[in-house]
>>> print(open('structure.csv').read())   # CSV, C-alpha atoms and all ligand atoms
chain,number,residue,atom,x,y,z
W,1,MET,CA,-36.3,119.7,-117.5
W,2,PRO,CA,-39.4,122.0,-117.9
W,3,PHE,CA,-39.6,125.5,-116.4
W,4,ALA,CA,-42.5,127.6,-115.2
W,5,THR,CA,-42.4,131.4,-114.6
W,6,VAL,CA,-43.2,132.0,-111.0
W,7,GLY,CA,-43.0,135.6,-109.6
W,8,GLY,CA,-40.9,136.6,-112.6
W,9,ARG,CA,-38.4,133.8,-112.0
W,10,ARG,CA,-37.8,130.5,-113.7
W,11,LEU,CA,-38.8,127.6,-111.5
W,12,SER,CA,-37.7,124.2,-112.8
W,13,TYR,CA,-39.7,121.0,-112.1
W,14,GLU,CA,-40.0,117.4,-113.0
W,15,GLU,CA,-43.2,115.9,-114.0
W,16,ARG,CA,-43.9,112.1,-114.4
W,17,GLY,CA,-46.8,109.8,-114.6
W,18,ALA,CA,-50.4,110.6,-115.5
W,19,GLY,CA,-53.6,110.9,-113.4
W,20,ARG,CA,-54.4,112.6,-110.1
W,21,PRO,CA,-51.7,115.2,-109.2
W,22,VAL,CA,-49.2,114.7,-106.4
W,23,LEU,CA,-46.9,117.6,-105.5
W,24,LEU,CA,-43.6,116.5,-103.9
W,25,LEU,CA,-41.4,119.1,-102.1
W,26,HIS,CA,-37.7,118.4,-101.5
W,27,GLY,CA,-35.6,118.8,-98.4
W,28,PHE,CA,-32.5,120.8,-97.5
W,29,PRO,CA,-30.1,121.1,-99.3
W,30,PHE,CA,-31.4,119.0,-102.1
W,31,THR,CA,-33.3,119.3,-105.4
W,32,SER,CA,-36.1,117.5,-107.2
W,33,GLU,CA,-33.5,114.8,-107.9
W,34,SER,CA,-33.9,113.7,-104.3
W,35,PHE,CA,-37.1,111.9,-105.4
W,36,TRP,CA,-35.4,109.9,-108.0
W,37,PRO,CA,-36.9,106.4,-107.1
W,38,GLN,CA,-40.4,107.9,-107.1
W,39,LEU,CA,-39.8,109.8,-110.4
W,40,GLY,CA,-38.4,106.6,-111.9
W,41,ALA,CA,-41.6,104.6,-111.0
W,42,PRO,CA,-44.5,107.0,-110.4
W,43,PRO,CA,-47.4,105.4,-108.7
W,44,SER,CA,-49.9,104.1,-111.2
W,45,GLY,CA,-52.8,106.6,-111.8
W,46,PHE,CA,-50.8,109.6,-110.4
W,47,ARG,CA,-49.0,112.6,-111.9
W,48,LEU,CA,-45.9,113.6,-109.8
W,49,ILE,CA,-45.0,117.3,-109.9
W,50,VAL,CA,-41.7,117.9,-108.3
W,51,PRO,CA,-40.2,121.5,-108.3
W,52,ASP,CA,-36.7,122.6,-107.4
W,53,HIS,CA,-37.1,125.2,-104.6
W,54,ARG,CA,-35.8,128.7,-105.5
W,55,GLY,CA,-32.1,128.8,-106.0
W,56,PHE,CA,-31.8,125.0,-105.9
W,57,GLY,CA,-31.2,122.7,-108.9
W,58,MET,CA,-32.1,124.6,-112.0
W,59,SER,CA,-34.5,127.1,-110.3
W,60,GLU,CA,-33.5,130.8,-110.3
W,61,PRO,CA,-32.7,132.3,-106.9
W,62,ALA,CA,-34.6,135.1,-105.3
W,63,PRO,CA,-33.2,137.7,-102.9
W,64,GLY,CA,-33.6,137.3,-99.1
W,65,PRO,CA,-34.3,134.4,-96.9
W,66,ALA,CA,-36.2,131.5,-98.5
W,67,THR,CA,-39.0,131.4,-96.0
W,68,MET,CA,-41.3,128.4,-96.0
W,69,GLU,CA,-44.2,130.7,-96.9
W,70,ALA,CA,-42.2,131.9,-100.0
W,71,LEU,CA,-41.4,128.4,-101.0
W,72,ALA,CA,-45.1,127.5,-100.5
W,73,GLU,CA,-46.1,130.5,-102.7
W,74,ASP,CA,-43.8,129.2,-105.4
W,75,ALA,CA,-45.3,125.8,-105.3
W,76,LEU,CA,-48.8,127.2,-105.5
W,77,ALA,CA,-47.9,129.3,-108.4
W,78,LEU,CA,-46.4,126.3,-110.1
W,79,LEU,CA,-49.8,124.4,-109.6
W,80,ASP,CA,-51.5,127.5,-111.0
W,81,ALA,CA,-49.2,127.5,-114.1
W,82,LEU,CA,-50.0,123.8,-114.6
W,83,GLY,CA,-53.7,124.2,-114.2
W,84,VAL,CA,-53.9,122.1,-111.1
W,85,PRO,CA,-56.6,123.2,-108.6
W,86,GLN,CA,-55.9,120.6,-105.9
W,87,ALA,CA,-53.2,118.0,-105.3
W,88,VAL,CA,-51.9,115.6,-102.7
W,89,VAL,CA,-49.1,117.6,-101.2
W,90,GLY,CA,-46.1,115.7,-99.9
W,91,GLY,CA,-42.7,116.9,-98.5
W,92,VAL,CA,-39.5,115.5,-97.1
W,93,SER,CA,-38.1,117.3,-94.0
W,94,MET,CA,-37.8,121.0,-95.1
W,95,GLY,CA,-40.3,120.0,-97.9
W,96,GLY,CA,-42.7,119.0,-95.1
W,97,TYR,CA,-42.3,122.5,-93.5
W,98,VAL,CA,-43.2,123.9,-96.9
W,99,ALA,CA,-46.2,121.5,-97.2
W,100,ILE,CA,-47.5,122.8,-93.8
W,101,ALA,CA,-47.0,126.4,-94.9
W,102,LEU,CA,-48.9,125.7,-98.1
W,103,THR,CA,-51.7,124.2,-96.1
W,104,ARG,CA,-51.9,127.3,-93.9
W,105,ARG,CA,-51.8,129.6,-97.0
W,106,ASP,CA,-54.5,127.7,-99.0
W,107,PRO,CA,-56.0,124.6,-97.4
W,108,GLY,CA,-58.5,124.1,-100.2
W,109,ARG,CA,-55.6,123.2,-102.6
W,110,VAL,CA,-54.6,120.2,-100.4
W,111,LYS,CA,-56.4,117.0,-101.1
W,112,ALA,CA,-54.2,115.1,-98.6
W,113,LEU,CA,-50.8,115.4,-97.0
W,114,VAL,CA,-47.8,113.1,-97.0
W,115,LEU,CA,-45.3,114.3,-94.4
W,116,MET,CA,-42.1,112.4,-94.6
W,117,ASP,CA,-39.2,112.7,-92.0
W,118,THR,CA,-40.4,116.1,-90.9
W,119,GLN,CA,-41.9,117.8,-87.9
W,120,SER,CA,-44.5,120.5,-87.1
W,121,SER,CA,-42.4,122.4,-84.5
W,122,ALA,CA,-40.6,125.7,-85.0
W,123,ASP,CA,-37.0,126.1,-84.1
W,124,ASP,CA,-36.1,127.2,-80.6
W,125,GLU,CA,-33.6,130.1,-80.0
W,126,ALA,CA,-30.6,127.7,-80.1
W,127,GLY,CA,-31.9,126.1,-83.3
W,128,LYS,CA,-32.3,129.5,-84.9
W,129,ALA,CA,-28.8,130.5,-83.9
W,130,ARG,CA,-27.5,127.2,-85.5
W,131,ARG,CA,-29.3,128.0,-88.7
W,132,GLU,CA,-27.6,131.5,-88.8
W,133,ALA,CA,-24.2,129.9,-88.1
W,134,VAL,CA,-24.8,127.4,-91.0
W,135,ALA,CA,-25.8,130.3,-93.3
W,136,LYS,CA,-22.7,132.3,-92.4
W,137,GLU,CA,-20.5,129.3,-92.8
W,138,VAL,CA,-21.7,128.5,-96.3
W,139,GLU,CA,-21.3,132.2,-97.3
W,140,GLU,CA,-17.7,132.2,-96.0
W,141,SER,CA,-16.5,128.7,-96.9
W,142,GLY,CA,-18.9,127.2,-99.4
W,143,VAL,CA,-21.1,124.2,-99.0
W,144,SER,CA,-18.4,121.6,-98.1
W,145,PRO,CA,-18.3,122.0,-94.3
W,146,VAL,CA,-22.1,121.9,-94.1
W,147,VAL,CA,-22.3,118.8,-96.3
W,148,GLU,CA,-19.7,117.1,-94.2
W,149,ALA,CA,-21.5,117.9,-90.9
W,150,LEU,CA,-24.9,116.9,-92.3
W,151,LEU,CA,-24.1,113.8,-94.2
W,152,PRO,CA,-23.5,111.4,-91.3
W,153,LYS,CA,-26.9,112.3,-89.8
W,154,LEU,CA,-28.9,111.9,-92.9
W,155,MET,CA,-28.9,108.2,-93.7
W,156,ALA,CA,-28.7,105.0,-91.7
W,157,PRO,CA,-25.2,103.5,-91.6
W,158,ALA,CA,-26.4,100.5,-93.7
W,159,VAL,CA,-27.5,102.7,-96.6
W,160,ASP,CA,-26.4,101.6,-100.1
W,161,PRO,CA,-23.1,103.4,-100.8
W,162,THR,CA,-24.3,104.4,-104.3
W,163,VAL,CA,-27.3,106.2,-102.7
W,164,ARG,CA,-25.1,107.9,-100.2
W,165,ALA,CA,-22.7,109.0,-103.0
W,166,ARG,CA,-25.5,110.4,-105.1
W,167,VAL,CA,-27.0,112.3,-102.2
W,168,GLU,CA,-23.5,113.8,-101.4
W,169,LYS,CA,-23.0,114.8,-105.0
W,170,MET,CA,-26.4,116.5,-105.1
W,171,MET,CA,-25.7,118.5,-101.9
W,172,ARG,CA,-22.2,119.6,-103.1
W,173,ALA,CA,-23.7,120.9,-106.3
W,174,GLN,CA,-26.0,123.5,-104.6
W,175,SER,CA,-25.2,127.2,-104.5
W,176,PRO,CA,-24.0,128.6,-101.2
W,177,ALA,CA,-26.4,131.5,-101.5
W,178,ALA,CA,-29.4,129.1,-101.9
W,179,VAL,CA,-28.3,127.0,-98.9
W,180,ALA,CA,-27.8,130.1,-96.8
W,181,ALA,CA,-31.2,131.5,-97.8
W,182,ALA,CA,-33.0,128.2,-97.0
W,183,SER,CA,-31.2,127.9,-93.7
W,184,ARG,CA,-32.4,131.4,-92.7
W,185,GLY,CA,-35.8,130.6,-94.1
W,186,MET,CA,-36.2,127.5,-91.9
W,187,ALA,CA,-35.2,129.5,-88.8
W,188,THR,CA,-38.2,131.8,-89.2
W,189,ARG,CA,-40.8,129.1,-89.8
W,190,ALA,CA,-44.0,129.2,-87.8
W,191,ASP,CA,-45.0,126.3,-85.5
W,192,GLY,CA,-47.4,124.2,-87.6
W,193,LYS,CA,-49.4,122.5,-84.8
W,194,ASP,CA,-52.4,124.8,-85.2
W,195,ILE,CA,-52.8,124.3,-88.9
W,196,LEU,CA,-52.3,120.5,-88.7
W,197,SER,CA,-54.9,120.3,-85.9
W,198,ARG,CA,-57.4,122.1,-88.2
W,199,PHE,CA,-56.5,119.9,-91.2
W,200,GLY,CA,-59.4,117.5,-91.7
W,201,GLY,CA,-58.1,115.6,-94.7
W,202,PRO,CA,-56.1,112.4,-94.8
W,203,CYS,CA,-52.4,112.5,-93.9
W,204,LEU,CA,-49.7,109.8,-94.2
W,205,VAL,CA,-46.8,110.5,-91.8
W,206,VAL,CA,-43.7,108.6,-92.9
W,207,VAL,CA,-40.6,108.3,-90.8
W,208,GLY,CA,-37.4,106.2,-91.0
W,209,GLU,CA,-37.0,104.0,-87.9
W,210,GLN,CA,-33.4,105.4,-87.5
W,211,ASP,CA,-34.2,109.1,-88.4
W,212,LEU,CA,-31.8,111.1,-86.1
W,213,ILE,CA,-33.1,114.5,-87.2
W,214,THR,CA,-36.8,114.1,-86.9
W,215,PRO,CA,-37.2,110.7,-85.1
W,216,PRO,CA,-40.2,108.5,-84.9
W,217,GLU,CA,-41.5,110.1,-81.6
W,218,LYS,CA,-41.7,113.5,-83.3
W,219,ALA,CA,-43.6,111.9,-86.2
W,220,ARG,CA,-46.0,110.2,-83.9
W,221,ALA,CA,-46.6,113.5,-82.0
W,222,MET,CA,-47.2,115.3,-85.2
W,223,ALA,CA,-49.7,112.6,-86.4
W,224,SER,CA,-51.6,112.8,-83.1
W,225,LEU,CA,-52.6,116.3,-84.0
W,226,MET,CA,-54.6,115.2,-87.0
W,227,PRO,CA,-57.9,113.3,-86.9
W,228,GLN,CA,-57.2,111.4,-90.1
W,229,ALA,CA,-53.4,110.7,-89.9
W,230,GLN,CA,-51.7,107.3,-90.1
W,231,VAL,CA,-48.0,106.7,-89.3
W,232,ALA,CA,-45.7,104.4,-91.3
W,233,VAL,CA,-42.3,103.7,-89.7
W,234,ILE,CA,-39.8,102.5,-92.4
W,235,PRO,CA,-37.6,99.8,-90.9
W,236,GLY,CA,-33.8,100.4,-91.1
W,237,ALA,CA,-34.1,103.8,-92.8
W,238,GLY,CA,-32.8,107.2,-91.6
W,239,HIS,CA,-33.9,110.7,-92.4
W,240,LEU,CA,-34.1,110.1,-96.2
W,241,ALA,CA,-36.5,107.1,-96.1
W,242,ASN,CA,-37.8,107.7,-99.6
W,243,LEU,CA,-34.2,107.2,-100.9
W,244,GLU,CA,-33.0,104.6,-98.4
W,245,ALA,CA,-36.0,102.3,-98.7
W,246,PRO,CA,-38.0,103.3,-101.8
W,247,GLU,CA,-39.8,99.9,-102.1
W,248,ALA,CA,-40.9,100.1,-98.4
W,249,LEU,CA,-42.2,103.6,-99.0
W,250,SER,CA,-44.0,102.6,-102.1
W,251,ARG,CA,-45.8,99.9,-100.2
W,252,VAL,CA,-47.4,102.5,-97.9
W,253,LEU,CA,-47.6,105.4,-100.3
W,254,ALA,CA,-49.4,103.7,-103.2
W,255,PRO,CA,-52.4,102.4,-101.1
W,256,PHE,CA,-52.6,105.7,-99.3
W,257,LEU,CA,-52.7,107.7,-102.6
W,258,GLN,CA,-55.3,105.2,-104.0
W,259,SER,CA,-57.5,105.8,-100.8
W,260,THR,CA,-57.5,109.6,-101.3
W,301,LIG,C1,-33.9,118.6,-94.3
W,301,LIG,O1,-33.6,117.4,-94.5
W,301,LIG,O2,-34.7,119.2,-95.1
W,301,LIG,C2,-33.4,119.2,-93.0
W,301,LIG,O3,-32.9,118.2,-92.2
W,301,LIG,C3,-34.4,120.0,-92.3
W,301,LIG,C4,-33.9,120.7,-91.1
W,301,LIG,O4,-32.7,121.0,-91.0
W,301,LIG,O5,-34.7,121.0,-90.2
>>> encode(input="structure.csv", output="structure tokens", more="lines below")
Ligand code: MLT
Amino acid sequence: MPFATVGGRRLSYEERGAGRPVLLLHGFPFTSESFWPQLGAPPSGFRLIVPDHRGFGMSEPAPGPATMEALAEDALALLDALGVPQAVVGGVSMGGYVAIALTRRDPGRVKALVLMDTQSSADDEAGKARREAVAKEVEESGVSPVVEALLPKLMAPAVDPTVRARVEKMMRAQSPAAVAAASRGMATRADGKDILSRFGGPCLVVVGEQDLITPPEKARAMASLMPQAQVAVIPGAGHLANLEAPEALSRVLAPFLQST
């Protein structure tokens, strides 16, 4: 796995395919591996660039909360290191929050957005308190309780058990410090409605029909902010539609990318 030096730290990333760049940003608490079907079969004519957020996978940690702004800065620095001036920017869930923060920071770098199983809203006070409780729990007891609480909500009941097992293994392998930092970082994220309302480029909003965390109504509300957004609901999938139904995702993603 290659590394780039970003802010004096090593950031690991996967890169597959050749052609126009597509940056894919993973969710919580995962790694670049959470795009394994897409990395295994990159859309023809596109170069996928998939970092591990700081502290996750093989990327070095950084002190303090992993704010969405900081993760967006890391991703922009990776694009700089790879000589990529502009990319389609996609993210799953927390990766979508980072994609929105990146668009706020430097909209000229964003050719188009792909927002998968995510939302534009900030956390309310109760949500922020839950994030802090998660951070404290992983610091005190490791990642297991959080993995066990999150896993039943992530994928639809009919998910392939091998997919479920791989997702669980990936979550259990993450460092408690990184999980705590990302939980605290998500709690402070800004509401993204203003920036999405100003985004004039194309956007594909993808959501699993059975997503319990960011359900289809949230996806539709987010898409309605943008003049050029289209919504794809993936039948039978939950919050990890790109893993639960990769062929169905590919049927909407490939033509969208070709159109950009
Ligand atoms: C994710 O999948 O990244 C998380 O569900 C995001 C969140 O907790 O808001």
>>> residues_around(input="structure.csv", residues="segment 172-179 of chain W", least_positions_apart="6", cutoff="9 Å", atoms="only C-alpha atoms", output="PyMOL selection string")
chain W and resi 28-31+54-57+61-62+65-66+134-135+138-144+147
>>> residues_near_point(input="structure.csv", point="(-48.2, 121.9, -103.0)", cutoff="9 Å", atoms="only C-alpha atoms", output="PyMOL selection string")
chain W and resi 22-25+49+72-76+78-79+86-91+98-99+102-103+109-110
>>> closest_residue(input="structure.csv", among="W:Gly208, W:Gly96, W:Pro43, W:Gly236", to="ligand LIG 301 (chain W)", atoms="all atoms listed in the file")
W:Gly96
>>> residues_around(input="structure.csv", residues="Ser224 of chain W", least_positions_apart="2", cutoff="12 Å", atoms="only C-alpha atoms", output="PyMOL selection string")
chain W and resi 119-120+193+196-197+199+203-205+217-222+226-231
>>> atom_distance(input="structure.csv", atom1="atom CA of Ala129 of chain W", atom2="atom C3 of ligand LIG 301 (chain W)")
14.6 Å
>>> residues_near_point(input="structure.csv", point="(-55.5, 113.9, -99.1)", cutoff="6 Å", atoms="only C-alpha atoms", output="list in words")
Val88, Lys111, Ala112, Leu113, Gly201, Pro202 and Thr260 of chain W
>>> write_last_selection(input="structure.csv", atoms="C-alpha atoms", output="PDB file, keeping the file's coordinate frame")
ATOM      1  CA  VAL W  88     -51.900 115.600-102.700  1.00  0.00           C
ATOM      2  CA  LYS W 111     -56.400 117.000-101.100  1.00  0.00           C
ATOM      3  CA  ALA W 112     -54.200 115.100 -98.600  1.00  0.00           C
ATOM      4  CA  LEU W 113     -50.800 115.400 -97.000  1.00  0.00           C
ATOM      5  CA  GLY W 201     -58.100 115.600 -94.700  1.00  0.00           C
ATOM      6  CA  PRO W 202     -56.100 112.400 -94.800  1.00  0.00           C
ATOM      7  CA  THR W 260     -57.500 109.600-101.300  1.00  0.00           C
TER       8      THR W 260
END
>>> closest_residue(input="structure.csv", among="W:Gly83, W:Gly95, W:Gly40, W:Gly17", to="ligand LIG 301 (chain W)", atoms="only C-alpha atoms and all ligand atoms")
W:Gly95
>>> closest_residue(input="structure.csv", among="W:Met68, W:Val92, W:Leu253, W:Met186", to="Ser34 of chain W", atoms="all atoms listed in the file")
W:Val92
>>> build_atoms(input="structure.csv", residues="segment 53-64 of chain W", atoms="all heavy atoms", output="tab-separated table (two decimals), in the coordinates of the input")
chain	number	residue	atom	x	y	z
W	53	HIS	N	-36.85	123.96	-105.35
W	53	HIS	CA	-37.10	125.20	-104.60
W	53	HIS	C	-36.19	126.31	-105.19
W	53	HIS	O	-35.10	126.03	-105.70
W	53	HIS	CB	-36.84	125.05	-103.14
W	53	HIS	CG	-37.75	124.09	-102.45
W	53	HIS	ND1	-39.12	124.16	-102.56
W	53	HIS	CD2	-37.49	123.02	-101.65
W	53	HIS	CE1	-39.66	123.18	-101.83
W	53	HIS	NE2	-38.70	122.48	-101.28
W	54	ARG	N	-36.61	127.56	-105.03
W	54	ARG	CA	-35.80	128.70	-105.50
W	54	ARG	C	-34.35	128.61	-105.17
W	54	ARG	O	-34.01	128.32	-104.02
W	54	ARG	CB	-36.43	130.02	-105.03
W	54	ARG	CG	-36.59	130.03	-103.54
W	54	ARG	CD	-37.05	131.39	-103.03
W	54	ARG	NE	-38.41	131.72	-103.39
W	54	ARG	CZ	-38.99	132.89	-103.16
W	54	ARG	NH1	-38.32	133.84	-102.55
W	54	ARG	NH2	-40.23	133.12	-103.51
W	55	GLY	N	-33.51	128.80	-106.17
W	55	GLY	CA	-32.10	128.80	-106.00
W	55	GLY	C	-31.44	127.38	-106.01
W	55	GLY	O	-30.23	127.24	-106.15
W	56	PHE	N	-32.26	126.33	-105.88
W	56	PHE	CA	-31.80	125.00	-105.90
W	56	PHE	C	-31.92	124.35	-107.29
W	56	PHE	O	-32.82	124.75	-108.05
W	56	PHE	CB	-32.49	124.10	-104.86
W	56	PHE	CG	-32.13	124.45	-103.44
W	56	PHE	CD1	-32.87	125.36	-102.72
W	56	PHE	CD2	-30.99	123.89	-102.85
W	56	PHE	CE1	-32.53	125.71	-101.41
W	56	PHE	CE2	-30.64	124.23	-101.55
W	56	PHE	CZ	-31.41	125.14	-100.83
W	57	GLY	N	-31.06	123.37	-107.59
W	57	GLY	CA	-31.20	122.70	-108.90
W	57	GLY	C	-31.10	123.74	-110.00
W	57	GLY	O	-30.21	124.59	-110.03
W	58	MET	N	-32.10	123.70	-110.88
W	58	MET	CA	-32.10	124.60	-112.00
W	58	MET	C	-32.99	125.83	-111.80
W	58	MET	O	-33.21	126.62	-112.71
W	58	MET	CB	-32.64	123.85	-113.27
W	58	MET	CG	-31.90	122.57	-113.59
W	58	MET	SD	-30.27	122.90	-114.25
W	58	MET	CE	-30.72	123.45	-115.88
W	59	SER	N	-33.57	125.97	-110.61
W	59	SER	CA	-34.50	127.10	-110.30
W	59	SER	C	-33.65	128.38	-110.05
W	59	SER	O	-32.65	128.32	-109.33
W	59	SER	CB	-35.38	126.83	-109.16
W	59	SER	OG	-36.42	125.98	-109.54
W	60	GLU	N	-34.15	129.49	-110.56
W	60	GLU	CA	-33.50	130.80	-110.30
W	60	GLU	C	-33.61	131.15	-108.84
W	60	GLU	O	-34.65	130.89	-108.21
W	60	GLU	CB	-34.12	131.88	-111.14
W	60	GLU	CG	-33.57	132.01	-112.53
W	60	GLU	CD	-34.22	133.16	-113.27
W	60	GLU	OE1	-34.37	134.27	-112.70
W	60	GLU	OE2	-34.60	132.94	-114.43
W	61	PRO	N	-32.58	131.82	-108.32
W	61	PRO	CA	-32.70	132.30	-106.90
W	61	PRO	C	-33.56	133.53	-106.80
W	61	PRO	O	-33.93	134.14	-107.80
W	61	PRO	CB	-31.22	132.65	-106.58
W	61	PRO	CG	-30.57	132.96	-107.89
W	61	PRO	CD	-31.31	132.16	-108.95
W	62	ALA	N	-33.89	133.86	-105.57
W	62	ALA	CA	-34.60	135.10	-105.30
W	62	ALA	C	-33.89	135.75	-104.10
W	62	ALA	O	-33.27	135.05	-103.30
W	62	ALA	CB	-36.07	134.80	-104.91
W	63	PRO	N	-33.95	137.07	-103.99
W	63	PRO	CA	-33.20	137.70	-102.90
W	63	PRO	C	-33.87	137.41	-101.52
W	63	PRO	O	-35.06	137.11	-101.44
W	63	PRO	CB	-33.33	139.22	-103.20
W	63	PRO	CG	-34.36	139.35	-104.26
W	63	PRO	CD	-34.61	138.03	-104.88
W	64	GLY	N	-33.05	137.46	-100.47
W	64	GLY	CA	-33.60	137.30	-99.10
W	64	GLY	C	-33.73	135.90	-98.65
W	64	GLY	O	-33.53	134.96	-99.43
